[in-house]
>>> print(open('query18.cif').read())   # mmCIF, C-alpha atoms and all ligand atoms
data_run
#
loop_
_atom_site.label_atom_id
_atom_site.label_comp_id
_atom_site.auth_asym_id
_atom_site.auth_seq_id
_atom_site.Cartn_x
_atom_site.Cartn_y
_atom_site.Cartn_z
CA LEU A 1 -223.75 86.91 69.45
CA PHE A 2 -227.12 85.38 68.63
CA GLU A 3 -226.66 82.70 71.28
CA ARG A 4 -225.99 85.42 73.88
CA LEU A 5 -229.11 87.24 72.74
CA LYS A 6 -231.19 84.09 72.99
CA GLU A 7 -229.85 83.45 76.47
CA GLY A 8 -230.53 87.07 77.48
CA LEU A 9 -234.09 86.86 76.22
CA ALA A 10 -234.77 83.49 77.84
CA LYS A 11 -237.40 84.75 80.29
CA THR A 12 -239.23 86.78 77.68
CA ARG A 13 -239.11 83.90 75.22
CA GLN A 14 -240.45 81.49 77.77
CA ARG A 15 -243.39 83.68 78.71
CA PHE A 16 -244.11 84.35 75.07
CA ALA A 17 -243.90 80.69 74.08
CA ASP A 18 -246.00 79.57 77.07
CA ARG A 19 -248.77 82.10 76.67
CA VAL A 20 -248.94 82.55 72.92
CA GLY A 21 -248.24 78.85 72.34
CA SER A 22 -251.12 77.83 74.60
CA ALA A 23 -253.49 80.09 72.65
CA LEU A 24 -252.32 79.12 69.18
CA PHE A 25 -252.35 75.34 69.08
CA ARG A 26 -254.10 73.28 66.43
CA ARG A 27 -257.82 73.90 66.95
CA LYS A 28 -260.58 75.62 65.06
CA ILE A 29 -260.33 79.42 65.02
CA ASP A 30 -263.15 81.01 67.03
CA ASP A 31 -263.68 84.00 69.34
CA GLU A 32 -262.10 82.14 72.24
CA VAL A 33 -258.84 81.79 70.32
CA TYR A 34 -258.67 85.56 69.82
CA GLU A 35 -259.55 86.23 73.46
CA GLU A 36 -256.79 83.92 74.64
CA LEU A 37 -254.35 85.44 72.18
CA GLU A 38 -255.25 88.89 73.47
CA ASP A 39 -254.53 87.82 77.07
CA ALA A 40 -251.28 86.22 75.96
CA LEU A 41 -250.04 89.34 74.16
CA LEU A 42 -250.93 91.55 77.13
CA ALA A 43 -249.12 89.14 79.46
CA ALA A 44 -246.06 89.47 77.23
CA ASP A 45 -246.10 93.26 77.87
CA ILE A 46 -246.94 94.16 74.31
CA GLY A 47 -249.38 96.76 75.66
CA VAL A 48 -253.07 97.45 75.02
CA ALA A 49 -252.77 99.58 71.89
CA THR A 50 -250.29 97.31 70.11
CA THR A 51 -252.21 94.18 71.13
CA GLN A 52 -255.40 95.63 69.59
CA PHE A 53 -253.50 96.55 66.45
CA LEU A 54 -252.06 93.03 66.15
CA LEU A 55 -255.43 91.35 66.78
CA GLU A 56 -257.17 93.37 64.10
CA ARG A 57 -254.45 92.60 61.58
CA ILE A 58 -254.43 88.90 62.43
CA GLN A 59 -258.20 88.62 62.05
CA LYS A 60 -258.05 90.41 58.73
CA GLU A 61 -255.23 88.20 57.51
CA ALA A 62 -257.02 85.03 58.71
CA ARG A 63 -260.09 85.97 56.66
CA LYS A 64 -258.03 86.90 53.64
CA GLN A 65 -256.00 83.70 53.67
CA LYS A 66 -259.05 81.63 54.74
CA LEU A 67 -257.13 80.15 57.69
CA THR A 68 -259.05 77.55 59.70
CA THR A 69 -256.87 76.47 62.65
CA ALA A 70 -255.22 78.58 65.36
CA ASP A 71 -251.70 77.25 64.76
CA GLN A 72 -251.81 78.86 61.30
CA LEU A 73 -252.01 82.25 63.04
CA MET A 74 -248.50 81.87 64.51
CA PRO A 75 -246.56 82.69 61.32
CA VAL A 76 -248.97 85.57 60.69
CA LEU A 77 -248.26 86.97 64.16
CA ARG A 78 -244.54 86.53 63.68
CA GLN A 79 -244.57 88.40 60.37
CA LEU A 80 -246.64 91.26 61.83
CA ILE A 81 -244.16 91.61 64.70
CA VAL A 82 -241.18 91.52 62.34
CA ASP A 83 -242.87 94.21 60.22
CA ILE A 84 -243.41 96.46 63.25
CA LEU A 85 -239.80 96.03 64.36
CA HIS A 86 -238.52 96.71 60.84
CA ALA A 87 -240.75 99.72 60.18
CA HIS A 88 -238.81 101.91 62.60
CA SER A 89 -235.50 100.14 62.70
CA CYS A 90 -232.45 102.17 61.82
CA GLU A 91 -228.75 101.89 62.46
CA PRO A 92 -226.90 104.16 64.89
CA SER A 93 -226.00 107.52 63.26
CA TYR A 94 -222.45 108.75 62.89
CA ALA A 95 -220.81 112.07 62.00
CA GLN A 96 -219.64 112.50 58.39
CA SER A 97 -216.35 113.78 59.75
CA GLY A 98 -214.99 114.65 63.16
CA PRO A 99 -216.28 113.21 66.40
CA THR A 100 -219.71 111.60 66.62
CA VAL A 101 -221.52 113.11 69.60
CA VAL A 102 -223.96 110.85 71.44
CA LEU A 103 -226.13 112.25 74.22
CA VAL A 104 -227.49 109.65 76.62
CA VAL A 105 -230.65 110.55 78.55
CA GLY A 106 -233.01 108.72 80.90
CA VAL A 107 -234.25 108.48 84.48
CA ASN A 108 -231.78 107.55 87.24
CA GLY A 109 -231.33 103.84 87.74
CA VAL A 110 -232.35 102.68 84.26
CA GLY A 111 -228.76 101.81 83.35
CA LYS A 112 -227.44 104.97 81.68
CA THR A 113 -223.92 104.85 83.08
CA THR A 114 -223.60 101.13 82.50
CA THR A 115 -224.81 101.55 78.91
CA ILE A 116 -222.23 104.27 78.26
CA GLY A 117 -219.52 101.99 79.66
CA LYS A 118 -220.67 99.11 77.46
CA MET A 119 -220.85 101.35 74.40
CA ALA A 120 -217.33 102.58 75.12
CA ASN A 121 -216.22 98.95 75.20
CA TYR A 122 -218.07 98.16 71.95
CA TYR A 123 -216.48 101.02 70.02
CA ARG A 124 -213.04 100.44 71.55
CA ALA A 125 -213.21 96.87 70.30
CA GLN A 126 -213.79 98.29 66.82
CA GLY A 127 -210.57 100.28 67.15
CA LYS A 128 -212.33 103.62 67.63
CA LYS A 129 -211.09 106.36 69.92
CA VAL A 130 -213.75 107.00 72.53
CA LEU A 131 -214.18 109.79 75.09
CA LEU A 132 -216.72 109.98 77.92
CA ALA A 133 -218.31 113.13 79.39
CA ALA A 134 -219.58 113.01 82.98
CA GLY A 135 -222.57 115.26 82.34
CA ASP A 136 -224.60 114.04 85.32
CA THR A 137 -223.12 116.57 87.69
CA PHE A 138 -225.77 116.09 90.37
CA ARG A 139 -224.78 112.67 91.63
CA ALA A 140 -221.29 111.94 92.95
CA ALA A 141 -221.98 108.25 92.33
CA ALA A 142 -222.72 108.89 88.65
CA ILE A 143 -219.35 110.61 88.13
CA GLU A 144 -217.49 107.95 90.10
CA GLN A 145 -219.19 105.12 88.23
CA LEU A 146 -218.35 106.65 84.89
CA VAL A 147 -214.71 106.98 85.97
CA ILE A 148 -214.72 103.28 86.91
CA TRP A 149 -216.12 102.38 83.49
CA GLY A 150 -213.44 104.59 81.94
CA GLN A 151 -210.73 102.61 83.75
CA ARG A 152 -212.37 99.30 82.89
CA THR A 153 -212.47 100.10 79.19
CA GLY A 154 -209.32 102.20 78.94
CA VAL A 155 -211.19 105.36 77.97
CA GLU A 156 -210.63 108.92 79.20
CA VAL A 157 -213.43 110.59 81.17
CA ILE A 158 -213.90 114.37 81.02
CA ARG A 159 -215.34 115.54 84.32
CA GLN A 160 -215.69 118.49 86.63
CA ASN A 161 -216.64 118.82 90.26
CA LEU A 162 -220.00 117.75 91.61
CA GLY A 163 -222.61 120.47 91.10
CA SER A 164 -220.84 122.18 88.22
CA ASP A 165 -222.68 123.21 85.06
CA ALA A 166 -223.40 120.16 82.90
CA ALA A 167 -223.16 122.20 79.70
CA ALA A 168 -219.66 123.33 80.76
CA VAL A 169 -218.58 119.70 81.16
CA ILE A 170 -219.94 118.90 77.71
CA TYR A 171 -218.16 121.96 76.27
CA ASP A 172 -214.86 120.75 77.76
CA ALA A 173 -215.51 117.28 76.41
CA LEU A 174 -216.19 118.61 72.88
CA SER A 175 -212.90 120.51 72.91
CA ALA A 176 -211.08 117.44 74.20
CA ALA A 177 -212.77 115.23 71.58
CA ARG A 178 -211.56 117.52 68.81
CA SER A 179 -208.06 118.02 70.09
CA ARG A 180 -207.58 114.29 70.79
CA LYS A 181 -209.22 113.39 67.45
CA ALA A 182 -211.79 111.14 69.12
CA ASP A 183 -214.20 109.19 66.93
CA ILE A 184 -217.00 109.01 69.48
CA LEU A 185 -217.95 111.20 72.42
CA LEU A 186 -220.50 109.62 74.76
CA CYS A 187 -222.17 112.13 77.09
CA ASP A 188 -223.93 111.17 80.31
CA THR A 189 -226.69 113.50 81.53
CA ALA A 190 -228.72 113.95 84.71
CA GLY A 191 -231.95 111.99 85.01
CA ARG A 192 -233.99 113.85 87.57
CA LEU A 193 -237.43 113.70 86.05
CA GLN A 194 -238.97 115.02 89.32
CA ASN A 195 -237.96 118.46 88.12
CA LYS A 196 -239.05 118.34 84.49
CA ALA A 197 -238.67 122.05 83.74
CA HIS A 198 -235.15 122.11 85.13
CA LEU A 199 -234.13 118.98 83.27
CA MET A 200 -235.54 120.39 80.03
CA ALA A 201 -233.65 123.66 80.51
CA GLU A 202 -230.45 121.77 81.23
CA LEU A 203 -230.79 119.57 78.14
CA GLU A 204 -231.59 122.59 75.98
CA LYS A 205 -228.47 124.35 77.21
CA ILE A 206 -226.44 121.22 76.40
CA TYR A 207 -227.93 121.09 72.88
CA ARG A 208 -227.09 124.74 72.32
CA VAL A 209 -223.49 124.25 73.40
CA ILE A 210 -223.10 121.16 71.22
CA ALA A 211 -224.77 122.69 68.14
CA ARG A 212 -222.65 125.84 68.45
CA GLU A 213 -219.47 123.79 68.41
CA ILE A 214 -220.53 121.12 65.89
CA PRO A 215 -223.53 122.21 63.77
CA ASP A 216 -224.88 118.72 62.91
CA ALA A 217 -224.46 117.39 66.46
CA PRO A 218 -225.65 115.70 68.61
CA HIS A 219 -225.69 112.89 66.06
CA GLU A 220 -227.68 110.72 68.38
CA VAL A 221 -229.84 111.29 71.46
CA LEU A 222 -230.36 107.90 73.06
CA LEU A 223 -233.07 107.40 75.66
CA VAL A 224 -232.27 104.56 78.05
CA LEU A 225 -235.27 102.57 79.29
CA ASP A 226 -235.39 99.72 81.79
CA ALA A 227 -237.24 96.71 80.35
CA THR A 228 -238.08 95.39 83.83
CA THR A 229 -240.47 98.34 84.27
CA GLY A 230 -242.62 97.06 81.40
CA GLN A 231 -245.37 99.47 80.38
CA ASN A 232 -243.85 102.15 82.64
CA ALA A 233 -241.02 102.38 80.16
CA ILE A 234 -243.58 103.58 77.60
CA VAL A 235 -244.78 106.30 79.96
CA GLN A 236 -241.19 107.46 80.53
CA ALA A 237 -240.49 107.44 76.82
CA LYS A 238 -243.53 109.62 76.10
CA LEU A 239 -242.33 112.13 78.69
CA PHE A 240 -238.78 112.21 77.34
CA LYS A 241 -240.02 112.57 73.79
CA GLU A 242 -241.51 115.88 74.94
CA ILE A 243 -238.38 117.19 76.60
CA ALA A 244 -235.55 115.82 74.44
CA LYS A 245 -235.01 115.22 70.74
CA VAL A 246 -234.79 111.46 71.22
CA SER A 247 -233.41 109.67 68.14
CA GLY A 248 -233.38 106.15 69.50
CA ILE A 249 -233.91 103.86 72.46
CA VAL A 250 -231.58 101.68 74.47
CA LEU A 251 -233.58 98.99 76.26
CA THR A 252 -231.64 97.63 79.24
CA LYS A 253 -231.98 94.71 81.65
CA LEU A 254 -233.73 92.43 79.17
CA ASP A 255 -231.88 89.54 80.78
CA GLY A 256 -233.71 89.95 84.08
CA THR A 257 -237.28 90.13 82.84
CA ALA A 258 -240.08 88.41 80.97
CA LYS A 259 -241.30 91.85 79.84
CA GLY A 260 -239.17 92.05 76.69
CA GLY A 261 -242.31 92.25 74.56
CA VAL A 262 -242.35 95.93 75.47
CA ILE A 263 -239.89 96.43 72.60
CA ILE A 264 -242.76 95.83 70.19
CA ALA A 265 -244.91 98.43 71.95
CA ILE A 266 -242.04 100.95 71.93
CA ASN A 267 -241.74 100.60 68.17
CA GLN A 268 -245.45 100.67 67.45
CA GLU A 269 -246.64 103.31 69.93
CA LEU A 270 -243.68 105.66 70.03
CA GLN A 271 -242.44 105.22 66.48
CA LEU A 272 -238.92 105.30 67.86
CA PRO A 273 -236.23 102.85 66.81
CA VAL A 274 -234.66 100.64 69.44
CA LYS A 275 -230.96 100.93 68.61
CA TRP A 276 -229.28 98.95 71.39
CA ILE A 277 -230.30 96.35 73.92
CA GLY A 278 -228.70 95.52 77.27
CA ILE A 279 -228.65 91.88 78.28
CA GLY A 280 -226.45 91.89 81.39
CA GLU A 281 -224.14 93.90 83.63
CA HIS A 282 -220.83 93.07 81.96
CA LYS A 283 -219.03 95.16 79.43
CA ASP A 284 -219.91 92.79 76.57
CA ASP A 285 -223.61 92.72 77.41
CA LEU A 286 -224.77 95.35 74.93
CA GLN A 287 -225.81 94.57 71.38
CA PRO A 288 -227.00 96.65 68.44
CA PHE A 289 -230.68 95.80 68.05
CA SER A 290 -231.54 93.53 65.14
CA PRO A 291 -235.28 93.08 64.40
CA ASP A 292 -234.72 89.72 62.71
CA ASP A 293 -232.56 88.31 65.47
CA PHE A 294 -235.00 89.54 68.09
CA ALA A 295 -237.93 87.82 66.34
CA ARG A 296 -235.85 84.68 65.88
CA ALA A 297 -235.00 84.66 69.60
CA LEU A 298 -238.61 85.31 70.58
CA PHE A 299 -240.45 82.71 68.55
CA PRO A 300 -239.91 79.05 69.23
P1 LIG B 401 -228.06 104.98 85.87
O1 LIG B 401 -228.49 105.53 87.21
O2 LIG B 401 -229.14 105.13 84.85
O3 LIG B 401 -226.75 105.48 85.40
O4 LIG B 401 -227.96 103.39 86.08
P2 LIG B 401 -226.68 102.46 86.26
O5 LIG B 401 -225.92 102.40 85.00
O6 LIG B 401 -225.96 102.84 87.48
O7 LIG B 401 -227.38 101.03 86.42
C1 LIG B 401 -228.25 100.72 87.49
C2 LIG B 401 -228.12 99.22 87.80
O8 LIG B 401 -228.62 98.45 86.69
C3 LIG B 401 -226.70 98.74 87.99
O9 LIG B 401 -226.66 97.84 89.07
C4 LIG B 401 -226.34 98.05 86.69
O10 LIG B 401 -225.38 97.04 86.86
C5 LIG B 401 -227.68 97.48 86.29
N1 LIG B 401 -227.79 97.27 84.83
C6 LIG B 401 -227.61 98.16 83.83
N2 LIG B 401 -227.83 97.60 82.62
C7 LIG B 401 -228.16 96.30 82.85
C8 LIG B 401 -228.52 95.18 82.00
O11 LIG B 401 -228.60 95.26 80.76
N3 LIG B 401 -228.80 94.00 82.64
C9 LIG B 401 -228.76 93.87 84.00
N4 LIG B 401 -229.06 92.68 84.53
N5 LIG B 401 -228.44 94.90 84.81
C10 LIG B 401 -228.14 96.09 84.26
#
>>> encode(input="query18.cif", output="C-alpha cells")
Amino acid sequence: LFERLKEGLAKTRQRFADRVGSALFRRKIDDEVYEELEDALLAADIGVATTQFLLERIQKEARKQKLTTADQLMPVLRQLIVDILHAHSCEPSYAQSGPTVVLVVGVNGVGKTTTIGKMANYYRAQGKKVLLAAGDTFRAAAIEQLVIWGQRTGVEVIRQNLGSDAAAVIYDALSAARSRKADILLCDTAGRLQNKAHLMAELEKIYRVIAREIPDAPHEVLLVLDATTGQNAIVQAKLFKEIAKVSGIVLTKLDGTAKGGVIIAINQELQLPVKWIGIGEHKDDLQPFSPDDFARALFP
C-alpha cells in the first residue's frame, strides 16, 4: 500500500525534493535561505498562508534550537508538516448501528463518481454490503457511470430517471439500504456550482430526508477535490464549506500532478481532515489518508 502511495505521489515528491532540497542544503542560514525556502514551498502548492505560517515557525524553531546550517531546517519542516496533517486528521465515521450514510459532494469532473466506485470496491473487499445512490439526476452520464461502477464492483445502484428529484432517489436508497441490511450507502450528488442557491437548496432537501429517516445521518459528507487544480481546490472547498456540512475531503488525481502539497494547505487553511486520497483511475486506486505515510512519501 505504501509503495503504491509513493508511486502515486512521485511527481509531488520530485518537485518537493527538487525545490525544497535545493533551498535546504548544508550552508549557513541567512535571509536568502528563507527566501528560497518560501519560493520552494509556494512552488509545491502549499499556498501563501500556510507557507507564511511554516516560515515563521521554522525561524522561531531555528532560533530556539540555535541551528546554524540550512540542512538542519529539513527535519524541522518535516515535523511541522506532520503536525499540521495530524492536527485535523480523523478516521472515516461510521453509524453505531444500521447503515452508514455517506454523502459525496463536489464540482463536476473532480472525480466524484470514480471515488464512489472505488469506495464501493474498498468496502466490498472488507466484506461489507454496499449500496450506491445515483443522486446526480441532472447528468445522464453520471447515472450511467455509476451503474458501470456498480457492475464493476458487484454493487446495486438505486436510481431513477434523469431529471427526477434527487431527494426522492436518496429516500428510495435509504429504504433499500435498510431493507437489504446494507452496511454502507454511498450517495452521489449533483455538482453544478454555477447555480449555488439551487445546489444549496437541493443539498438541504437531501439532508432533511436523510435526517428524518436516520436521525444521526449523514454520518459523513465528503467533499471531492481535484489535486491537479492546486490552489483552486482551496477556493472550491471554501465555497462548499458554506453550502454543505462537509466532514472531510477526498483529494483525487494525486497521481497526475506535482501539486500534492495542496493537502497541507487544505488541512491548515480549511481545518478539514483529508480522509481519502485518489492515486489513479482503477478501482484499487483509493486509500484512506495517513498523515505519517504521506509525510514519509513526501520527504526524501
Ligand atoms: P465526476 O464528474 O466528479 O463524477 O468525475 P468522474 O468520476 O467522472 O471523474 C472525472 C475523470 O477523472 C475520469 O476520467 C476519471 O477516470 C478521472 N479520475 C478520477 N479520480 C482519479 C484519480 O485519482 N486519478 C486519476 N488519474 N484520474 C482520476
>>> closest_atom_pairs(input="query18.cif", of="chain A", to="ligand LIG 401 (chain B)", cutoff="6 Å", atoms="all atoms listed in the file", output="Markdown table")
| residue | atom | partner | partner_atom | distance |
| --- | --- | --- | --- | --- |
| A:Asn108 | CA | B:LIG401 | O1 | 3.9 |
| A:Gly109 | CA | B:LIG401 | O1 | 3.3 |
| A:Val110 | CA | B:LIG401 | O2 | 4.1 |
| A:Gly111 | CA | B:LIG401 | O4 | 3.3 |
| A:Lys112 | CA | B:LIG401 | O2 | 3.6 |
| A:Thr113 | CA | B:LIG401 | O5 | 3.7 |
| A:Thr114 | CA | B:LIG401 | O5 | 3.6 |
| A:Thr252 | CA | B:LIG401 | O11 | 4.1 |
| A:Lys253 | CA | B:LIG401 | N3 | 3.4 |
| A:Asp255 | CA | B:LIG401 | N4 | 5.6 |
| A:Gly256 | CA | B:LIG401 | N4 | 5.4 |
| A:Gly278 | CA | B:LIG401 | O11 | 3.5 |
| A:Ile279 | CA | B:LIG401 | O11 | 4.2 |
| A:Gly280 | CA | B:LIG401 | N3 | 3.4 |
| A:Glu281 | CA | B:LIG401 | N5 | 4.6 |
>>> closest_residue(input="query18.cif", among="A:Glu36, A:Asp292, A:Asp188, A:Asp226", to="A:Ile206", atoms="only C-alpha atoms")
A:Asp188
>>> atom_distance(input="query18.cif", atom1="atom CA of A:Pro99", atom2="atom CA of A:Asp183")
4.6 Å
>>> atom_distance(input="query18.cif", atom1="atom CA of A:Gly8", atom2="atom CA of A:Ala258")
10.3 Å
>>> closest_residue(input="query18.cif", among="A:Val105, A:Ala23, A:Val147, A:Leu80", to="A:Glu202", atoms="all atoms listed in the file")
A:Val105
>>> residues_near_point(input="query18.cif", point="(-216.6, 102.6, 65.3)", cutoff="12 Å", atoms="all atoms listed in the file", output="number ranges by chain")
A: 92-95, 99-100, 119-130, 182-185
>>> closest_residue(input="query18.cif", among="A:Ala17, A:Leu146, A:Val246, A:Ala197", to="A:Val102", atoms="all atoms listed in the file")
A:Val246
>>> residues_around(input="query18.cif", residues="A:Ala40", least_positions_apart="6", cutoff="10 Å", atoms="only C-alpha atoms", output="short mmCIF file (atom, residue, chain, number, x, y, z; two decimals) with C-alpha atoms, in the frame of the given file")
data_model
loop_
_atom_site.label_atom_id
_atom_site.label_comp_id
_atom_site.auth_asym_id
_atom_site.auth_seq_id
_atom_site.Cartn_x
_atom_site.Cartn_y
_atom_site.Cartn_z
CA ARG A 15 -243.39 83.68 78.71
CA PHE A 16 -244.11 84.35 75.07
CA ALA A 17 -243.90 80.69 74.08
CA ASP A 18 -246.00 79.57 77.07
CA ARG A 19 -248.77 82.10 76.67
CA VAL A 20 -248.94 82.55 72.92
CA GLY A 21 -248.24 78.85 72.34
CA SER A 22 -251.12 77.83 74.60
CA ALA A 23 -253.49 80.09 72.65
CA LEU A 24 -252.32 79.12 69.18
CA TYR A 34 -258.67 85.56 69.82
CA ILE A 46 -246.94 94.16 74.31
CA THR A 51 -252.21 94.18 71.13
#
>>> atom_distance(input="query18.cif", atom1="atom CA of A:Gln65", atom2="atom CA of A:Asp31")
17.5 Å
>>> residues_around(input="query18.cif", residues="A:Phe289", least_positions_apart="2", cutoff="10 Å", atoms="all atoms listed in the file", output="list in words")
Leu5, Leu85, Ser89, Cys90, Glu91, Pro92, Ile249, Val250, Leu251, Pro273, Val274, Lys275, Trp276, Ile277, Gly278, Leu286, Gln287, Pro291, Asp292, Asp293 and Phe294 of chain A
>>> residues_around(input="query18.cif", residues="A:Lys245", least_positions_apart="5", cutoff="9 Å", atoms="all atoms listed in the file", output="NGL selection string")
:A and (220-222 or 240)
>>> residues_around(input="query18.cif", residues="stretch 148-156 of chain A", least_positions_apart="3", cutoff="6 Å", atoms="all atoms listed in the file", output="PyMOL selection string")
chain A and resi 117+121+131+145
>>> residues_around(input="query18.cif", residues="A:Gln72", least_positions_apart="6", cutoff="10 Å", atoms="all atoms listed in the file", output="mmCIF file with C-alpha atoms, in the frame of the given file")
data_model
loop_
_atom_site.group_PDB
_atom_site.id
_atom_site.type_symbol
_atom_site.label_atom_id
_atom_site.label_comp_id
_atom_site.auth_asym_id
_atom_site.auth_seq_id
_atom_site.Cartn_x
_atom_site.Cartn_y
_atom_site.Cartn_z
ATOM 1 C CA LEU A 24 -252.320 79.120 69.180
ATOM 2 C CA PHE A 25 -252.350 75.340 69.080
ATOM 3 C CA ARG A 26 -254.100 73.280 66.430
ATOM 4 C CA ARG A 27 -257.820 73.900 66.950
ATOM 5 C CA ILE A 29 -260.330 79.420 65.020
ATOM 6 C CA ALA A 62 -257.020 85.030 58.710
ATOM 7 C CA GLN A 65 -256.000 83.700 53.670
#
>>> axis_aligned_box(input="query18.cif", around="stretch 110-118 of chain A", padding_each_side="3 Å", output="AutoDock Vina command-line options")
--center_x -225.9 --center_y 102.0 --center_z 80.9 --size_x 18.8 --size_y 11.9 --size_z 12.8
>>> closest_residue(input="query18.cif", among="A:Ala201, A:Leu298, A:Leu103, A:Ala166", to="A:Gly248", atoms="only C-alpha atoms")
A:Leu103
>>> closest_residue(input="query18.cif", among="A:Arg78, A:His88, A:Lys118, A:Lys6", to="A:Asp285", atoms="all atoms listed in the file")
A:Lys118
